[in-house]
Number of protein chains: 2
Amino acid sequence: MTDPVKSRQAPTRGPVTLADIARLANVSPVTVSRAINTPALVKPRTLEAIERVIARTGYVPNLLAGGLASRRTKLIAAIVPAVSSTIFAETIEGLNTELVAAGYQLLLGLSGYDPRRELELTRAILARRPDGIILTGITHLKETRAMLTGAGLPIVEIWDSTPSPLDTAVGFSHAAVGMLVADHLLRKGYDRYAQVGANDPRAVQRRDGFVHRLAGIAKVELPDLEMSSPSTFRDGRQAMAQLLDRGGGTLGVFCSSDVVAHGALAEAYARGCRMPGDLAIVGFGDFDFAAHTHPPLTTVRIDRRDIGTKAAQSILRKIAGDETVEAMINVDFHIVMRGTA
Amino acid sequence: MTDPVKSRQAPTRGPVTLADIARLANVSPVTVSRAINTPALVKPRTLEAIERVIARTGYVPNLLAGGLASRRTKLIAAIVPAVSSTIFAETIEGLNTELVAAGYQLLLGLSGYDPRRELELTRAILARRPDGIILTGITHLKETRAMLTGAGLPIVEIWDSTPSPLDTAVGFSHAAVGMLVADHLLRKGYDRYAQVGANDPRAVQRRDGFVHRLAGIAKVELPDLEMSSPSTFRDGRQAMAQLLDRGGGTLGVFCSSDVVAHGALAEAYARGCRMPGDLAIVGFGDFDFAAHTHPPLTTVRIDRRDIGTKAAQSILRKIAGDETVEAMINVDFHIVMRGTA
DNA sequence: GGCTGAAATGAAAGCGCTTCCATTCTACGC
DNA sequence: GCGTAGAATGGAAGCGCTTTCATTTCAGCC
């Protein structure tokens with residue numbers, strides 16, 4: 001804890017405060033505050049003098065104090081299930097880029113797909129009084145919803161679609177994705193259809209959409225495996241082994257993520273299945289590796305980064321008091337046709 | 001901004017404060033503060049009464065005010081270059097897990113491999129008075145270093161090794177990685193050696209180590225391409241095309257990341273190169289996909305999550321006043337031998 | 001019953017900023 | 001030269017908590 005001021009005229013002990021700057025620049029604290037936050041209101045000469053003192057002392061304003069007084073923290077919190085090898089990493093980057101450009105900072109929370117952890121995180125986050133909060137998905141615990149609406153701040157739910165968001169939502173219909181994939185597989189026609197993947201609410205929606213579209217046409221098989229989110233390469237491989245072992249004609253499979261699909265693909269490839277003749281696989285997410293598997297993976301593409309960008313823009317507009325932000329902002333998705341379906 | 005209290009006895013306008021709780025529970029504010037922070041100091045009966053009021057009102061303490069008064073924010077900031085498809089995502093997760101368990105929160109900064117942005121981030125972060133800060137790498141701008149040391153808080157530099165960290169470092173020697181890979185390739189012996197990859201300080205160290213070990217044995221070829229960090233699949237593919245076009249015997253290549261290596265691999269595979277006979281490729285990072293490329297990628301493995309875990313532990317110990325934290329904490333790495341080298 | 005020390009509680013000050021409102025400058029017009 | 005509006009600055013209060021330090025309560029004991 002050394003004194004941050006190197007020059008001889010070290011003002012006080014501990015970190016420099018706004019009051020120190022005011023004293024050294026022969027102005028009142030208010031003027032220093034204005035020089036920092038609304039420089040247009042300060043006479044150029046005064047401003048310059050203050051800035052010199054700030055530079056000389058290495059003063060860094062205390063945003064805790066500022067936030068407490070102004071009730072604005074320039075903090076945005078985001079809760080996502082995870083970042084490593086998920087669709088969320090790029091969303092976070094998009095979010096962050098936009099937020100930083102607007103002078104905000106990102107407080108990150110990782111829920112691990114656990115609603116209870118989401119609740120705890122929400123509480124901890126709210127304690128920091130962020131100017132807005134971004135959540136993944138539209139299913140939250142009752143307590144979480146209550147806490148959130150009670151806090152009275154802008155909320156953006158991402159990666160899902162709903163007619164009745166808590167506040168604003170940016171995403172798409174997972175059921176629609178499932179149906180799109182079903183239609184795609186139906187076009188070629190397979191003897192059997194299956195879905196393999198995770199059990200988080202969005203993956204379940206995709207499965208339900210898939211099953212719904214195939215209702216009356218085919219029964220959708222599910223592997224007999226416990227799979228928690230995020231599902232893994234190994235999960236996919238095992239699931240595919242099981243499906244293939246069952247035998248019974250050509251097979252169209254919808255996987256809940258590219259990672260699972262990759263595992264499924266590896267198993268199929270190892271067994272020498274012909275794709276997409278005997279076997280079709282459709283992934284989800286269009287991860288970076290998807291174009292480079294053998295054969296390259298057919299998958300559903302969403303602009304992951306764009307979800308972050310749009311979420312940031314929405315919340316910034318909300319914070320600025322813009323009442324015209326749409327409750328539901330839809331983002332596109334489409335099937336990227338490659339070698340597996 | 002609706003009143004967060006649903007019950008009829010809504011106390012005041014705006015969010016509930018500690019003073020409100022005190023009033024409703026017929027105790028002084030100090031006692032409420034203690035009930036929250038040091039419950040052992042409060043008589044069980046009183047504690048219970050206070051907790052009831054807190055639950056009923058949905059009170060969420062204001063950590064801005066708390067942090068301002070106590071000079072402890074329970075916030076740890078981390079700056080990494082990026083999260084999507086990088087080695088850092090899992091480090092962040094490791095960090096976060098450990099931090100959350102200790103009651104801390106993660107403020108995330110993304111520098112995009114840009115030292116100037118790192119400086120800006122550092123300033124913005126310091127304004128929030130975190131209890132500690134974690135940076136990627138050991139090369140920082142002079143101003144960044146000054147600001148950091150002046151702030152007098154625990155610092156952990158990660159993903160690199162140095163005898164003289166700013167405070168504490170958790171990582172390994174990238175030069176040593178380069179040398180290890182050189183030794184590995186040398187064992188088989190190739191006619192030519194090359195390195196392809198990014199230009200961030202750590203990638204450069206790895207290259208330098210690689211070059212150094214081969215000095216006097218072979219000249220290390222570099223592709224004639226602009227590659228900025230993070231380098232991409234496409235970069236790798238183009239670089240490999242160029243190297244292969246030059247012709248001239250068997251080739252051992254060290255790539256600065258698995259992503260680049262994957263690109264290089266794809267090009268080599270497309271051209272029908274025999275690996276690791278005619279061509280050897282070694283990646284870096286052991287990304288999730290590395291085990292599943294064709295052929296599977298030989299690469300350097302580091303426990304990415306563990307770096308986050310160790311960094312968190314170190315900083316928490318520092319915060320707790322533990323003076324015995326080692327200045328340099330080394331993490332292991334080793335070559336995972338698979339099909340490409 | 002009164003003393004004692006520990007347990008439990010409280011009063012007051014203050015963390016470092018912003019906000020509101022009041023005051024002082026400054027330039028310009030007649 | 002004086003009045004005046006607008007520009008520039010300042011004083012005081014307060015954001016919601018924690019930190020001393022002081023006071024009260026209580027159990028245990030002679």
# chains A, B, ... in the order shown; residues from 1 in each chain; ligands from 1

$ interface_residues --of "chain A" --to "chain C" --cutoff "12 Å" --atoms "only C-alpha atoms (C1' of nucleotides)" --output "ChimeraX atom specification"
/A:15-20,29-34,36-38,43,60-72

$ write_last_selection --atoms "C-alpha atoms" --output "short mmCIF file (atom, residue, chain, number, x, y, z; two decimals), in the first residue's frame"
data_model
loop_
_atom_site.label_atom_id
_atom_site.label_comp_id
_atom_site.auth_asym_id
_atom_site.auth_seq_id
_atom_site.Cartn_x
_atom_site.Cartn_y
_atom_site.Cartn_z
CA PRO A 15 -5.60 7.06 -2.23
CA VAL A 16 -6.21 10.46 -3.69
CA THR A 17 -9.77 11.70 -3.42
CA LEU A 18 -11.77 14.24 -5.28
CA ALA A 19 -11.36 16.57 -2.36
CA ASP A 20 -7.60 16.33 -2.71
CA PRO A 29 -15.10 19.56 -5.01
CA VAL A 30 -18.22 20.23 -7.05
CA THR A 31 -16.16 21.77 -9.79
CA VAL A 32 -13.86 18.79 -9.93
CA SER A 33 -16.86 16.51 -10.15
CA ARG A 34 -18.14 18.56 -13.04
CA ILE A 36 -14.91 14.83 -14.78
CA ASN A 37 -18.55 14.20 -15.57
CA THR A 38 -19.75 17.25 -17.46
CA LYS A 43 -14.49 27.02 -17.96
CA VAL A 60 -8.88 7.48 -10.05
CA PRO A 61 -12.44 8.45 -9.11
CA ASN A 62 -14.19 6.15 -6.68
CA LEU A 63 -17.19 4.76 -8.51
CA LEU A 64 -18.56 3.23 -5.35
CA ALA A 65 -19.03 6.67 -3.89
CA GLY A 66 -20.18 8.06 -7.21
CA GLY A 67 -22.67 5.28 -7.69
CA LEU A 68 -23.98 5.59 -4.20
CA ALA A 69 -24.60 9.28 -4.60
CA SER A 70 -25.91 9.26 -8.14
CA ARG A 71 -27.75 5.96 -8.09
CA ARG A 72 -26.11 5.05 -11.36
#

$ residues_around --residues "Gly277 (chain A)" --least-positions-apart "5" --cutoff "10 Å" --atoms "only C-alpha atoms (C1' of nucleotides)" --output "VMD selection string"
chain A and resid 188 190 250 to 252 340 to 341

$ interface_residues --of "chain A" --to "chain B" --cutoff "8 Å" --atoms "only C-alpha atoms" --output "mmCIF file with N, CA and C atoms, in the first residue's frame"
data_model
loop_
_atom_site.group_PDB
_atom_site.id
_atom_site.type_symbol
_atom_site.label_atom_id
_atom_site.label_comp_id
_atom_site.auth_asym_id
_atom_site.auth_seq_id
_atom_site.Cartn_x
_atom_site.Cartn_y
_atom_site.Cartn_z
ATOM 1 N N MET A 1 0.831 -1.210 0.000
ATOM 2 C CA MET A 1 0.000 0.000 0.000
ATOM 3 C C MET A 1 0.862 1.254 0.000
ATOM 4 N N THR A 2 1.561 1.461 -1.056
ATOM 5 C CA THR A 2 2.426 2.632 -1.136
ATOM 6 C C THR A 2 1.637 3.842 -1.595
ATOM 7 N N ASP A 3 2.171 4.986 -1.329
ATOM 8 C CA ASP A 3 1.500 6.203 -1.767
ATOM 9 C C ASP A 3 1.554 6.280 -3.283
ATOM 10 N N PRO A 4 0.372 6.460 -3.914
ATOM 11 C CA PRO A 4 0.325 6.467 -5.357
ATOM 12 C C PRO A 4 0.954 7.708 -5.980
ATOM 13 N N VAL A 5 1.194 8.722 -5.184
ATOM 14 C CA VAL A 5 1.749 9.948 -5.743
ATOM 15 C C VAL A 5 3.264 9.931 -5.595
ATOM 16 N N PRO A 15 -5.350 6.662 -0.861
ATOM 17 C CA PRO A 15 -5.604 7.060 -2.227
ATOM 18 C C PRO A 15 -6.095 8.498 -2.313
ATOM 19 N N GLY A 58 -2.458 11.022 -10.414
ATOM 20 C CA GLY A 58 -2.917 9.673 -10.744
ATOM 21 C C GLY A 58 -4.252 9.359 -10.117
ATOM 22 N N VAL A 60 -7.857 8.333 -9.452
ATOM 23 C CA VAL A 60 -8.881 7.479 -10.054
ATOM 24 C C VAL A 60 -10.153 7.639 -9.240
ATOM 25 N N PRO A 61 -11.199 8.205 -9.843
ATOM 26 C CA PRO A 61 -12.437 8.450 -9.107
ATOM 27 C C PRO A 61 -12.962 7.169 -8.469
ATOM 28 N N ASN A 62 -13.607 7.295 -7.361
ATOM 29 C CA ASN A 62 -14.188 6.145 -6.680
ATOM 30 C C ASN A 62 -15.637 5.985 -7.123
ATOM 31 N N LEU A 63 -15.850 4.972 -7.947
ATOM 32 C CA LEU A 63 -17.185 4.761 -8.508
ATOM 33 C C LEU A 63 -18.172 4.199 -7.491
ATOM 34 N N LEU A 64 -17.654 3.680 -6.406
ATOM 35 C CA LEU A 64 -18.563 3.233 -5.354
ATOM 36 C C LEU A 64 -19.272 4.461 -4.782
ATOM 37 N N ALA A 65 -18.472 5.444 -4.450
ATOM 38 C CA ALA A 65 -19.035 6.672 -3.889
ATOM 39 C C ALA A 65 -19.922 7.357 -4.926
ATOM 40 N N GLY A 67 -21.460 6.057 -7.466
ATOM 41 C CA GLY A 67 -22.675 5.285 -7.693
ATOM 42 C C GLY A 67 -23.661 5.418 -6.554
ATOM 43 N N LEU A 68 -23.115 5.454 -5.372
ATOM 44 C CA LEU A 68 -23.984 5.589 -4.200
ATOM 45 C C LEU A 68 -24.729 6.925 -4.248
ATOM 46 N N ALA A 82 -22.617 -20.802 -18.753
ATOM 47 C CA ALA A 82 -21.192 -21.104 -18.756
ATOM 48 C C ALA A 82 -20.552 -20.366 -19.914
ATOM 49 N N VAL A 83 -19.240 -20.358 -19.957
ATOM 50 C CA VAL A 83 -18.609 -19.721 -21.109
ATOM 51 C C VAL A 83 -17.748 -20.659 -21.951
ATOM 52 N N SER A 84 -17.119 -21.625 -21.315
ATOM 53 C CA SER A 84 -16.196 -22.447 -22.097
ATOM 54 C C SER A 84 -16.938 -23.427 -22.991
ATOM 55 N N SER A 85 -16.510 -23.478 -24.216
ATOM 56 C CA SER A 85 -17.126 -24.301 -25.264
ATOM 57 C C SER A 85 -18.648 -24.264 -25.232
ATOM 58 N N ALA A 89 -20.095 -17.782 -25.061
ATOM 59 C CA ALA A 89 -18.851 -17.017 -25.012
ATOM 60 C C ALA A 89 -18.896 -15.835 -25.976
ATOM 61 N N GLU A 90 -19.357 -16.075 -27.173
ATOM 62 C CA GLU A 90 -19.382 -14.989 -28.149
ATOM 63 C C GLU A 90 -20.464 -13.973 -27.833
ATOM 64 N N GLU A 93 -18.927 -11.685 -25.518
ATOM 65 C CA GLU A 93 -18.019 -10.759 -26.186
ATOM 66 C C GLU A 93 -18.778 -9.642 -26.888
ATOM 67 N N ASN A 96 -20.053 -7.321 -24.250
ATOM 68 C CA ASN A 96 -18.982 -6.541 -23.654
ATOM 69 C C ASN A 96 -18.522 -5.412 -24.576
ATOM 70 N N GLN A 105 -19.539 -1.343 -17.649
ATOM 71 C CA GLN A 105 -18.707 -2.506 -17.373
ATOM 72 C C GLN A 105 -19.567 -3.731 -17.117
ATOM 73 N N LEU A 106 -18.983 -4.883 -17.357
ATOM 74 C CA LEU A 106 -19.721 -6.137 -17.288
ATOM 75 C C LEU A 106 -19.404 -6.910 -16.025
ATOM 76 N N LEU A 107 -20.436 -7.187 -15.277
ATOM 77 C CA LEU A 107 -20.302 -8.062 -14.122
ATOM 78 C C LEU A 107 -20.822 -9.418 -14.552
ATOM 79 N N LEU A 108 -19.955 -10.427 -14.510
ATOM 80 C CA LEU A 108 -20.338 -11.720 -15.069
ATOM 81 C C LEU A 108 -20.759 -12.724 -14.010
ATOM 82 N N GLY A 109 -21.857 -13.401 -14.276
ATOM 83 C CA GLY A 109 -22.286 -14.470 -13.389
ATOM 84 C C GLY A 109 -22.460 -15.757 -14.172
ATOM 85 N N LEU A 110 -22.009 -16.865 -13.623
ATOM 86 C CA LEU A 110 -22.155 -18.159 -14.289
ATOM 87 C C LEU A 110 -23.061 -19.057 -13.462
ATOM 88 N N ARG A 123 -29.343 -12.277 -6.494
ATOM 89 C CA ARG A 123 -29.308 -11.544 -5.235
ATOM 90 C C ARG A 123 -27.967 -10.827 -5.078
ATOM 91 N N LEU A 126 -27.729 -7.920 -7.569
ATOM 92 C CA LEU A 126 -28.590 -6.793 -7.235
ATOM 93 C C LEU A 126 -27.990 -5.945 -6.119
ATOM 94 N N ALA A 127 -27.226 -6.613 -5.269
ATOM 95 C CA ALA A 127 -26.586 -5.893 -4.174
ATOM 96 C C ALA A 127 -25.591 -4.857 -4.683
ATOM 97 N N ARG A 128 -25.146 -5.024 -5.907
ATOM 98 C CA ARG A 128 -24.209 -4.055 -6.498
ATOM 99 C C ARG A 128 -24.941 -2.948 -7.230
ATOM 100 N N ARG A 129 -26.234 -3.018 -7.234
ATOM 101 C CA ARG A 129 -27.048 -2.001 -7.886
ATOM 102 C C ARG A 129 -26.623 -1.727 -9.323
ATOM 103 N N MET A 147 -37.689 -10.901 -7.258
ATOM 104 C CA MET A 147 -36.567 -10.047 -6.899
ATOM 105 C C MET A 147 -36.220 -9.088 -8.033
ATOM 106 N N THR A 149 -38.152 -8.094 -10.698
ATOM 107 C CA THR A 149 -39.139 -7.060 -11.003
ATOM 108 C C THR A 149 -39.186 -6.038 -9.871
ATOM 109 N N GLY A 150 -38.975 -6.516 -8.659
ATOM 110 C CA GLY A 150 -38.966 -5.599 -7.532
ATOM 111 C C GLY A 150 -37.831 -4.592 -7.599
ATOM 112 N N ALA A 151 -36.748 -4.987 -8.236
ATOM 113 C CA ALA A 151 -35.579 -4.109 -8.286
ATOM 114 C C ALA A 151 -35.798 -2.937 -9.228
ATOM 115 N N GLY A 152 -36.758 -3.089 -10.101
ATOM 116 C CA GLY A 152 -37.093 -1.973 -10.969
ATOM 117 C C GLY A 152 -35.980 -1.494 -11.874
ATOM 118 N N LEU A 153 -35.236 -2.421 -12.434
ATOM 119 C CA LEU A 153 -34.211 -2.016 -13.395
ATOM 120 C C LEU A 153 -34.463 -2.706 -14.730
ATOM 121 N N ALA A 266 -18.518 -38.739 -34.616
ATOM 122 C CA ALA A 266 -17.302 -39.538 -34.480
ATOM 123 C C ALA A 266 -17.641 -41.023 -34.405
ATOM 124 N N ASP A 288 -17.281 -23.166 -34.022
ATOM 125 C CA ASP A 288 -16.170 -22.963 -34.946
ATOM 126 C C ASP A 288 -15.715 -24.256 -35.622
ATOM 127 N N PHE A 289 -15.740 -25.336 -34.883
ATOM 128 C CA PHE A 289 -15.207 -26.575 -35.437
ATOM 129 C C PHE A 289 -16.172 -27.246 -36.411
ATOM 130 N N HIS A 292 -15.379 -28.103 -39.886
ATOM 131 C CA HIS A 292 -14.145 -28.842 -40.111
ATOM 132 C C HIS A 292 -14.158 -30.259 -39.589
ATOM 133 N N THR A 293 -15.341 -30.770 -39.275
ATOM 134 C CA THR A 293 -15.400 -32.165 -38.873
ATOM 135 C C THR A 293 -15.391 -33.033 -40.133
ATOM 136 N N HIS A 294 -15.361 -34.332 -39.935
ATOM 137 C CA HIS A 294 -15.373 -35.255 -41.085
ATOM 138 C C HIS A 294 -16.564 -36.177 -40.992
#

$ closest_atom_pairs --of "chain D" --to "chain B" --cutoff "8 Å" --atoms "only C-alpha atoms (C1' of nucleotides)" --output "tab-separated table"
residue	atom	partner	partner_atom	distance
D:DC15	C1'	B:Ala65	CA	7.9
D:DG16	C1'	B:Ala65	CA	5.0
D:DC17	C1'	B:Gly66	CA	4.5
D:DT18	C1'	B:Ala69	CA	5.2
D:DT19	C1'	B:Ser70	CA	7.8

$ closest_residue --among "A:Gly247, A:Lys142, A:Ala241, A:Val27" --to "Ala270 (chain A)" --atoms "only C-alpha atoms"
A:Ala241

$ select_by_dssp --residues "region 107-299 of chain B" --states "strand (DSSP E or B)" --output "MDAnalysis selection string"
chainID B and resid 107:110 132:136 155:158 168:171 192:196 220:221 251:255 279:284 298:299

$ atom_distance --atom1 "CA of Val336 (chain B)" --atom2 "CA of Gly283 (chain B)"
9.6 Å
